[in-house]
$ cat query25.cif   # mmCIF, C-alpha atoms
data_query
loop_
_atom_site.label_atom_id
_atom_site.label_comp_id
_atom_site.auth_asym_id
_atom_site.auth_seq_id
_atom_site.Cartn_x
_atom_site.Cartn_y
_atom_site.Cartn_z
CA MET A 27 -40.41 -109.25 24.76
CA ASN A 28 -43.21 -106.86 23.98
CA PRO A 29 -45.44 -106.92 27.06
CA GLY A 30 -48.43 -106.15 24.93
CA LEU A 31 -48.04 -109.27 22.83
CA HIS A 32 -51.40 -110.93 22.84
CA LYS A 33 -51.44 -114.69 22.84
CA ASN A 34 -55.12 -115.57 22.71
CA PRO A 35 -57.46 -113.20 20.96
CA ILE A 36 -59.99 -116.00 20.72
CA PRO A 37 -60.68 -118.77 23.23
CA SER A 38 -57.65 -121.00 22.97
CA LYS A 39 -57.51 -124.74 22.72
CA GLU A 40 -56.18 -124.86 26.27
CA SER A 41 -59.18 -123.06 27.71
CA GLU A 42 -61.48 -125.52 25.97
CA ILE A 43 -59.57 -128.31 27.64
CA VAL A 44 -59.98 -126.61 31.01
CA GLU A 45 -63.73 -126.56 30.61
CA ARG A 46 -64.02 -130.12 29.39
CA ARG A 47 -65.45 -132.72 31.70
CA ARG A 48 -63.17 -134.56 34.02
CA PRO A 49 -61.79 -137.69 32.36
CA PRO A 50 -61.46 -140.90 34.30
CA VAL A 51 -58.25 -141.19 36.29
CA ASP A 52 -57.61 -144.75 37.31
CA ASP A 53 -55.70 -146.27 40.16
CA SER A 54 -52.40 -146.57 38.30
CA ASP A 55 -52.70 -142.92 37.23
CA ARG A 56 -53.12 -141.91 40.86
CA ARG A 57 -50.09 -143.91 41.98
CA LEU A 58 -48.08 -142.36 39.14
CA LEU A 59 -49.18 -138.82 40.03
CA ALA A 60 -48.28 -139.41 43.66
CA ALA A 61 -44.87 -140.80 42.69
CA ILE A 62 -43.83 -137.76 40.65
CA GLN A 63 -45.51 -134.96 42.61
CA HIS A 64 -42.26 -133.79 44.19
CA GLY A 65 -40.35 -133.91 40.95
CA LEU A 66 -38.67 -136.17 38.44
CA PRO A 67 -35.42 -137.99 39.18
CA PHE A 68 -32.32 -136.48 37.57
CA VAL A 69 -31.32 -139.50 35.54
CA SER A 70 -31.15 -140.05 31.82
CA ARG A 71 -34.36 -142.12 31.74
CA PRO A 72 -36.45 -140.75 34.60
CA TYR A 73 -39.66 -142.46 33.55
CA ALA A 74 -37.98 -145.87 33.59
CA GLY A 75 -37.07 -145.39 37.25
CA ILE A 76 -40.60 -144.40 38.16
CA ALA A 77 -41.95 -147.33 36.15
CA ALA A 78 -39.79 -149.78 38.07
CA GLN A 79 -40.96 -148.33 41.36
CA LEU A 80 -44.62 -148.73 40.34
CA GLN A 81 -44.16 -152.07 38.60
CA LEU A 82 -45.25 -150.65 35.26
CA SER A 83 -43.34 -150.55 32.00
CA GLU A 84 -41.52 -147.40 30.93
CA ALA A 85 -43.73 -147.24 27.83
CA GLU A 86 -46.86 -147.39 29.96
CA VAL A 87 -45.65 -144.60 32.23
CA ILE A 88 -44.90 -142.42 29.20
CA GLU A 89 -48.25 -143.21 27.64
CA ARG A 90 -50.14 -142.47 30.85
CA LEU A 91 -48.30 -139.19 31.44
CA ALA A 92 -48.96 -138.07 27.88
CA HIS A 93 -52.66 -138.79 28.39
CA LEU A 94 -52.76 -137.00 31.75
CA LYS A 95 -51.15 -133.95 30.12
CA ASP A 96 -53.48 -133.99 27.12
CA SER A 97 -56.57 -134.33 29.27
CA GLY A 98 -55.46 -131.47 31.52
CA VAL A 99 -55.11 -133.46 34.76
CA ILE A 100 -51.46 -132.40 34.64
CA ARG A 101 -51.92 -128.74 33.81
CA ARG A 102 -48.27 -127.97 33.48
CA PHE A 103 -45.10 -129.97 33.56
CA GLY A 104 -41.83 -128.14 33.89
CA VAL A 105 -39.93 -125.81 36.20
CA VAL A 106 -41.51 -123.49 38.73
CA VAL A 107 -39.43 -120.39 39.50
CA ARG A 108 -39.18 -118.57 42.78
CA HIS A 109 -40.43 -115.41 41.12
CA HIS A 110 -39.72 -113.04 43.96
CA GLU A 111 -36.08 -114.03 44.05
CA LEU A 112 -35.77 -113.66 40.27
CA GLY A 113 -36.59 -109.98 40.46
CA TYR A 114 -40.36 -110.10 40.13
CA ALA A 115 -40.75 -108.38 43.47
CA ALA A 116 -44.14 -106.74 42.99
CA ASN A 117 -47.51 -108.31 42.44
CA ALA A 118 -51.03 -107.00 42.50
CA MET A 119 -54.31 -108.81 42.45
CA VAL A 120 -56.42 -106.57 40.23
CA VAL A 121 -60.16 -106.99 40.54
CA TRP A 122 -62.83 -105.61 38.20
CA ASP A 123 -66.57 -105.09 38.37
CA VAL A 124 -67.53 -106.17 34.89
CA PRO A 125 -71.08 -106.55 33.50
CA ASP A 126 -71.79 -110.29 33.52
CA GLU A 127 -72.30 -110.46 29.77
CA GLN A 128 -68.84 -108.99 29.14
CA VAL A 129 -66.87 -111.20 31.53
CA LYS A 130 -65.97 -113.86 29.00
CA ALA A 131 -64.64 -111.51 26.34
CA LEU A 132 -62.73 -109.34 28.80
CA GLY A 133 -61.36 -112.37 30.66
CA HIS A 134 -59.91 -113.78 27.46
CA CYS A 135 -58.43 -110.42 26.57
CA ILE A 136 -56.79 -109.93 29.98
CA ALA A 137 -55.46 -113.49 30.07
CA GLY A 138 -53.55 -112.91 26.84
CA PHE A 139 -50.75 -110.72 28.21
CA ASP A 140 -47.40 -112.13 29.26
CA PHE A 141 -47.44 -110.28 32.58
CA ILE A 142 -50.72 -111.90 33.65
CA THR A 143 -50.32 -115.12 35.60
CA LEU A 144 -53.91 -115.85 36.62
CA CYS A 145 -57.32 -114.75 35.38
CA TYR A 146 -60.58 -115.96 36.91
CA ARG A 147 -64.22 -115.06 37.20
CA ARG A 148 -65.39 -115.28 40.82
CA PRO A 149 -68.69 -114.44 42.55
CA ARG A 150 -69.47 -110.97 43.89
CA ARG A 151 -70.09 -110.75 47.64
CA LEU A 152 -72.40 -107.77 47.91
CA PRO A 153 -72.46 -105.41 49.66
CA GLN A 154 -68.83 -105.90 50.80
CA TRP A 155 -67.37 -106.91 47.48
CA ARG A 156 -68.59 -105.92 44.03
CA TYR A 157 -65.81 -107.43 41.91
CA ASN A 158 -66.26 -110.46 39.67
CA LEU A 159 -63.15 -110.65 37.45
CA TYR A 160 -59.70 -111.21 38.95
CA CYS A 161 -56.23 -111.18 37.50
CA MET A 162 -52.73 -111.30 38.94
CA ILE A 163 -50.08 -108.95 37.54
CA HIS A 164 -46.41 -109.51 38.32
CA GLY A 165 -43.64 -107.00 37.76
CA GLN A 166 -40.18 -106.04 38.88
CA SER A 167 -41.57 -103.03 40.76
CA ARG A 168 -44.85 -101.45 41.78
CA ASP A 169 -44.44 -98.92 38.95
CA GLU A 170 -43.95 -101.65 36.41
CA VAL A 171 -47.10 -103.40 37.61
CA LEU A 172 -49.04 -100.14 37.27
CA ALA A 173 -47.63 -99.58 33.77
CA HIS A 174 -48.77 -103.09 32.78
CA LEU A 175 -52.19 -102.30 34.21
CA ASP A 176 -52.42 -99.08 32.16
CA TRP A 177 -51.44 -100.92 29.02
CA MET A 178 -54.01 -103.62 29.65
CA VAL A 179 -56.80 -101.12 30.32
CA ASN A 180 -56.11 -99.47 26.97
CA GLN A 181 -55.70 -102.67 24.98
CA CYS A 182 -58.81 -104.39 26.32
CA GLY A 183 -61.04 -101.31 26.54
CA LEU A 184 -61.45 -101.45 30.31
CA GLN A 185 -61.69 -97.67 30.74
CA GLY A 186 -64.45 -96.63 33.08
CA LEU A 187 -64.97 -100.05 34.67
CA PRO A 188 -64.64 -100.00 38.48
CA TYR A 189 -61.50 -101.80 39.65
CA GLU A 190 -59.01 -101.98 42.48
CA ALA A 191 -55.38 -103.06 42.53
CA LEU A 192 -54.59 -104.94 45.74
CA PHE A 193 -50.83 -105.00 46.15
CA SER A 194 -49.46 -107.64 48.44
CA ARG A 195 -47.72 -106.36 51.51
CA ARG A 196 -46.57 -109.58 53.08
CA ARG A 197 -46.51 -113.19 52.13
CA PHE A 198 -47.12 -115.41 55.13
CA LYS A 199 -47.19 -118.78 53.60
CA GLN A 200 -46.44 -120.32 50.24
CA ARG A 201 -46.54 -123.98 49.47
CA GLY A 202 -47.92 -126.05 46.67
CA ALA A 203 -51.03 -128.07 47.24
CA VAL A 204 -49.96 -131.53 48.29
CA TYR A 205 -51.44 -134.46 46.48
CA SER A 206 -51.56 -137.49 48.69
CA ALA A 207 -52.88 -140.40 46.73
CA GLY A 208 -52.35 -143.76 48.25
CA SER A 209 -52.43 -146.94 46.22
CA ASP A 210 -56.16 -147.11 46.86
CA GLY A 211 -56.89 -143.87 45.07
CA ARG A 212 -59.09 -141.22 46.73
CA MET B 9 -27.29 -117.69 37.25
CA ASP B 10 -25.79 -117.23 33.80
CA ALA B 11 -27.21 -117.00 30.28
CA VAL B 12 -27.42 -120.78 29.95
CA ASP B 13 -29.41 -121.04 33.18
CA ARG B 14 -31.79 -118.36 31.96
CA ASP B 15 -32.20 -120.21 28.70
CA ILE B 16 -33.03 -123.42 30.58
CA ILE B 17 -35.59 -121.70 32.80
CA ASN B 18 -37.28 -119.85 29.97
CA ASN B 19 -37.51 -123.05 27.95
CA LEU B 20 -38.70 -125.38 30.67
CA GLN B 21 -41.47 -123.23 32.10
CA GLY B 22 -43.53 -124.12 29.08
CA GLY B 23 -43.18 -127.83 29.56
CA PHE B 24 -41.00 -130.90 29.82
CA PRO B 25 -41.14 -133.68 27.23
CA VAL B 26 -42.62 -137.06 28.00
CA CYS B 27 -40.37 -139.48 26.12
CA GLU B 28 -37.65 -142.02 26.95
CA ARG B 29 -34.81 -139.50 27.30
CA PRO B 30 -36.45 -136.16 28.02
CA TYR B 31 -33.30 -134.47 29.36
CA ALA B 32 -31.42 -135.41 26.19
CA GLU B 33 -34.21 -133.97 24.05
CA VAL B 34 -34.24 -130.64 25.91
CA ALA B 35 -30.43 -130.52 26.00
CA ALA B 36 -30.25 -130.95 22.23
CA ARG B 37 -32.68 -128.09 21.77
CA LEU B 38 -30.55 -125.85 23.98
CA GLY B 39 -27.20 -126.95 22.59
CA LEU B 40 -26.09 -128.60 25.82
CA SER B 41 -25.10 -132.10 26.78
CA GLU B 42 -27.60 -134.18 28.72
CA ASP B 43 -25.24 -134.30 31.72
CA GLU B 44 -24.77 -130.56 31.77
CA LEU B 45 -28.51 -129.90 31.66
CA ILE B 46 -29.12 -132.31 34.56
CA ALA B 47 -26.27 -130.81 36.60
CA ARG B 48 -27.54 -127.27 36.06
CA LEU B 49 -31.13 -128.20 36.96
CA GLU B 50 -29.92 -129.80 40.17
CA THR B 51 -27.93 -126.67 41.04
CA LEU B 52 -30.85 -124.33 40.29
CA LEU B 53 -33.05 -126.38 42.61
CA THR B 54 -30.45 -126.59 45.37
CA GLN B 55 -29.84 -122.84 45.18
CA GLY B 56 -33.56 -122.22 45.41
CA THR B 57 -33.85 -120.38 42.10
CA LEU B 58 -36.42 -122.99 41.17
CA THR B 59 -39.00 -124.05 43.72
CA ARG B 60 -39.68 -127.27 41.91
CA PHE B 61 -39.27 -129.28 38.79
CA GLY B 62 -42.19 -131.51 37.94
CA PRO B 63 -45.92 -131.54 37.38
CA MET B 64 -48.65 -129.16 38.53
CA TYR B 65 -51.96 -130.92 38.89
CA HIS B 66 -55.49 -129.83 38.20
CA ALA B 67 -56.91 -130.27 41.69
CA GLU B 68 -60.56 -130.43 40.66
CA ARG B 69 -59.92 -133.16 38.12
CA LEU B 70 -58.38 -135.29 40.81
CA GLY B 71 -61.42 -134.98 43.02
CA GLY B 72 -59.93 -132.17 45.13
CA ALA B 73 -60.96 -128.54 45.44
CA LEU B 74 -59.39 -125.08 45.59
CA THR B 75 -60.83 -121.76 46.52
CA LEU B 76 -59.77 -118.20 47.25
CA ALA B 77 -60.98 -116.71 50.51
CA ALA B 78 -60.75 -113.29 52.09
CA MET B 79 -61.13 -111.84 55.56
CA LYS B 80 -61.45 -108.38 57.06
CA ILE B 81 -59.20 -108.29 60.11
CA PRO B 82 -58.62 -105.24 62.34
CA PRO B 83 -54.92 -104.26 62.00
CA ALA B 84 -54.26 -104.71 65.70
CA GLU B 85 -55.38 -108.33 65.50
CA PHE B 86 -53.90 -109.16 62.14
CA ASP B 87 -50.81 -111.10 63.24
CA ARG B 88 -52.68 -113.12 65.81
CA VAL B 89 -55.38 -114.10 63.31
CA ALA B 90 -52.82 -114.81 60.56
CA GLU B 91 -51.12 -117.30 62.84
CA ILE B 92 -54.39 -119.11 63.47
CA VAL B 93 -55.31 -119.17 59.76
CA ASN B 94 -51.86 -120.35 58.68
CA GLY B 95 -52.07 -123.16 61.19
CA PHE B 96 -54.74 -124.86 59.07
CA PRO B 97 -53.10 -127.41 56.76
CA GLU B 98 -55.65 -126.57 54.04
CA VAL B 99 -54.28 -123.01 53.73
CA ALA B 100 -51.83 -123.05 50.83
CA HIS B 101 -50.95 -119.36 50.37
CA ASN B 102 -51.76 -116.41 52.54
CA TYR B 103 -51.10 -112.78 51.59
CA ALA B 104 -51.75 -109.49 53.36
CA ARG B 105 -53.21 -107.09 50.80
CA ASP B 106 -54.07 -103.38 50.83
CA HIS B 107 -57.83 -103.36 51.16
CA VAL B 108 -60.59 -103.47 53.76
CA LEU B 109 -60.56 -107.19 52.98
CA ASN B 110 -56.93 -107.42 53.99
CA MET B 111 -56.17 -111.13 54.27
CA TRP B 112 -56.34 -113.34 51.18
CA PHE B 113 -55.61 -117.03 51.19
CA VAL B 114 -56.01 -120.11 49.03
CA LEU B 115 -57.62 -123.22 50.46
CA ALA B 116 -56.75 -126.59 48.93
CA THR B 117 -58.62 -129.67 50.07
CA GLU B 118 -58.85 -133.28 48.99
CA THR B 119 -62.63 -133.12 48.53
CA PRO B 120 -65.07 -130.31 47.65
CA GLU B 121 -66.95 -130.87 50.93
CA ARG B 122 -63.83 -130.08 52.94
CA ILE B 123 -63.80 -126.48 51.65
CA GLY B 124 -66.97 -125.60 53.53
CA GLU B 125 -65.80 -127.45 56.62
CA ALA B 126 -62.44 -125.68 56.61
CA ILE B 127 -64.09 -122.28 56.20
CA ALA B 128 -66.47 -122.98 59.10
CA ALA B 129 -63.54 -124.11 61.23
CA ILE B 130 -61.53 -120.96 60.40
CA GLU B 131 -64.50 -118.74 61.24
CA LYS B 132 -64.94 -120.52 64.55
CA ALA B 133 -61.25 -120.40 65.46
CA THR B 134 -60.79 -116.72 64.57
CA GLY B 135 -64.21 -115.24 65.31
CA PHE B 136 -64.24 -113.42 61.95
CA PRO B 137 -66.28 -114.18 58.81
CA VAL B 138 -64.57 -115.73 55.80
CA TYR B 139 -65.65 -114.61 52.33
CA ASN B 140 -65.45 -117.54 49.96
CA MET B 141 -64.60 -116.56 46.37
CA PRO B 142 -64.56 -119.82 44.41
CA LYS B 143 -63.50 -119.86 40.79
CA LEU B 144 -66.50 -119.71 38.44
CA GLU B 145 -64.56 -119.62 35.20
CA GLU B 146 -60.88 -119.79 34.33
CA PHE B 147 -59.28 -117.91 31.47
CA PHE B 148 -56.18 -119.55 30.13
CA VAL B 149 -52.81 -117.98 30.85
CA GLY B 150 -49.33 -119.24 30.08
CA LEU B 151 -47.97 -118.76 33.63
CA ARG B 152 -44.33 -118.09 32.94
CA PHE B 153 -41.73 -115.57 33.92
CA ASN B 154 -39.05 -114.41 31.55
CA VAL B 155 -35.76 -114.28 33.39
#

$ encode --input "query25.cif" --output "structure tokens"
Amino acid sequence: MNPGLHKNPIPSKESEIVERRRPPVDDSDRRLLAAIQHGLPFVSRPYAGIAAQLQLSEAEVIERLAHLKDSGVIRRFGVVVRHHELGYAANAMVVWDVPDEQVKALGHCIAGFDFITLCYRRPRRLPQWRYNLYCMIHGQSRDEVLAHLDWMVNQCGLQGLPYEALFSRRRFKQRGAVYSAGSDGR
Amino acid sequence: MDAVDRDIINNLQGGFPVCERPYAEVAARLGLSEDELIARLETLLTQGTLTRFGPMYHAERLGGALTLAAMKIPPAEFDRVAEIVNGFPEVAHNYARDHVLNMWFVLATETPERIGEAIAAIEKATGFPVYNMPKLEEFFVGLRFNV
């Protein structure tokens, strides 16, 4: 695939969802989220099994999950790969010092490349830390990450903006956040 | 991992259907039988090619909180401090990175208030300041790896 392929030249529907206000999540939603957090059962009708466990109907589980996906409470539903073991051995957190009024446009531009996995605006911590726009670039090698970075700088017009690429040296800990909803919600 | 496995992974990173027979729907799209898709997914998980198969939640919308934090640790003390930091259950990921700020970790807590408490506790336990870099704005990305 062309690494320069740009997916969202304008703010996408998904990013609007991200910024929308938090919708109500009720008690049954919380029990459902807790029940599936470690994965779906490998059976032909996985939602029926979960429904039985929660004393809901299969249709209700499907309807609730669809709503939780649409409203962005479930941000993604699918497989998560062990990227290091699949050959994506290098990653750099690249941080930029971008004028505040340009952050939005540049953030959307950076987020549009396939090799970018995260893109956030975060606060500066002066004097130690001047950077306010972060992205994560993954690649099969350090050189590939740097080539992606070059490409991105050219495509988004980032020339001349102060930045640093912080390559990871060691990973000490990696686990997903654990969601521990009881039947009584929060 | 063969071509079919790659096809499955590339297809399912984008999403999994929510319908009565989701495996059958995906299998049809990939030209597989439902049983074969399920068997291959189980193998990919057992082998560790996939870390998980299921939902990723939006912590803030569930009342929880996430933040990125950084510390500046003298190299001679790095391992000792890393052990203390990693001992906190709120620390989800921790990476050593090439910078004066050389330790970067993600904190995940069940309430926003717990972020500040956890940071104070880490500062107290390690004796070093923690720079909190919370997300101010998120730009949408697809988050997928082509394999």

$ resolve_selection --input "query25.cif" --expression "the PyMOL selection byres ((chain B) within 7 of (chain A))" --output "count of residues only"
44

$ resolve_selection --input "query25.cif" --expression "the PyMOL selection byres ((chain B and resi 133-140) around 6)" --output "ChimeraX atom specification"
/B:77-79,130-132,141

$ resolve_selection --input "query25.cif" --expression "the PyMOL selection byres ((chain A and resi 175) around 10)" --output "CSV table (one decimal) with C-alpha atoms, keeping the file's coordinate frame"
chain,number,residue,atom,x,y,z
A,118,ALA,CA,-51.0,-107.0,42.5
A,120,VAL,CA,-56.4,-106.6,40.2
A,136,ILE,CA,-56.8,-109.9,30.0
A,141,PHE,CA,-47.4,-110.3,32.6
A,142,ILE,CA,-50.7,-111.9,33.6
A,163,ILE,CA,-50.1,-109.0,37.5
A,169,ASP,CA,-44.4,-98.9,39.0
A,170,GLU,CA,-44.0,-101.6,36.4
A,171,VAL,CA,-47.1,-103.4,37.6
A,172,LEU,CA,-49.0,-100.1,37.3
A,173,ALA,CA,-47.6,-99.6,33.8
A,174,HIS,CA,-48.8,-103.1,32.8
A,176,ASP,CA,-52.4,-99.1,32.2
A,177,TRP,CA,-51.4,-100.9,29.0
A,178,MET,CA,-54.0,-103.6,29.6
A,179,VAL,CA,-56.8,-101.1,30.3
A,180,ASN,CA,-56.1,-99.5,27.0
A,181,GLN,CA,-55.7,-102.7,25.0
A,191,ALA,CA,-55.4,-103.1,42.5

$ residues_around --input "query25.cif" --residues "Pro120 in chain B" --least-positions-apart "2" --cutoff "7 Å" --atoms "all atoms listed in the file" --output "PyMOL selection string"
chain B and resi 72-73+117+122-123

$ atom_distance --input "query25.cif" --atom1 "CA of Val121 in chain A" --atom2 "CA of Glu68 in chain B"
23.4 Å

$ atom_distance --input "query25.cif" --atom1 "CA of Ala77 in chain A" --atom2 "CA of Asp55 in chain A"
11.7 Å

$ atom_distance --input "query25.cif" --atom1 "CA of Leu152 in chain A" --atom2 "CA of Val124 in chain A"
14.0 Å

$ closest_residue --input "query25.cif" --among "B:Asp43, B:Glu50, B:Glu121, B:Glu98" --to "Leu76 in chain B" --atoms "all atoms listed in the file"
B:Glu98
